[in-house]
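Structure record follows, encoded as structure tokens.
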Amino acid sequence: MTAMRFVTAGGLLALAGWIAGIPIESGRALAESPWQRIEIKADEYSFTPNQIRAKALRPLELIVANGGHEPHQFQSSLFRNQMITVEFGENTVRGKGIEIVNIAAGATVRIKLLSPPAGEFDFQCRIPSHHGMDGVIRIDSDPNSAPP
């Protein structure tokens, strides 16, 4: 959404939001997204964070940024038998059975799952010289569990 340039336009937006019961902050409507978004940084030779928590059956987006100087991979048992969407730059790939996502140095990818199952799933970079780049995604089935 483009920021409003006129105070009057922002004021009208706030008034409309107030009348409709939509929370407003600084002239922008605050909408709670159904997506669980988790940012992960890949470097030589680790993922941060390497322990991830999310909730089952809620859309999950893993945003993996390669801050290193070498290419990395993001492979997870969570992706097995799941329909996933991978966005990188202007490109999007959707499919079932995608298990490894390659990430160029300096690039960011978005990996989306609409309905992740509950369980514990490993993730890692499988490039042979990148030993130690691994972690765990814990997806909790309890809707009252701690937020991700």
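Note on naming: chains are A, B, ... as they come in the structure tokens, residues start from 1 per chain, ligands start from 1 in the order shown.
Excluding range 59-71 of chain A itself and any same-chain residue fewer than 5 positions from it, the protein and nucleic acid residues within 9 Å of it, counting only C-alpha atoms, are Pro34, Trp35, Gln36, Arg37, Ile38, Glu39, Ile40, Lys41, Ala42, Asp43, Glu44, Tyr45, Ala54, Asn102, Ile103, Ala104, Ala105, Gly106, Ala107, Thr108, Val109, Arg110, Ile111, Lys112, Leu113, Leu114, Ser115, Pro116 and Ile127 of chain A.
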Which residue is closest to Thr48 in chain A? Choose from A:Pro128, A:Gly95, A:Asp140, A:Gly135 and count only C-alpha atoms. A:Gly135
Pick out the closest residue to Ala118 in chain A from this set: A:Asp134, A:Val101, A:Ala56, A:Ser33. Count only C-alpha atoms.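 Looking at the shortest contact to Ala118 in chain A, the residue is A:Ala56.
A straight line drawn from CA of Gly132 in chain A to CA of Phe79 in chain A is 20.2 Å long.
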Please indicate the distance in Å from CA of Leu57 in chain A to CA of Gln73 in chain A, rounded to one decimal place.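 One can read the CA of Leu57 in chain A to CA of Gln73 in chain A distance as 25.2 Å.
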The distance between CA of His72 in chain A and CA of Cys125 in chain A is 6.1 Å
Range 16-127 of chain A: residues DSSP assigns to strand (DSSP E), reported as a PyMOL selection string: chain A and resi 24-25+28-29+36-43+46-48+51-55+60-66+72-76+83-88+91-96+100-103+108-113+119-124
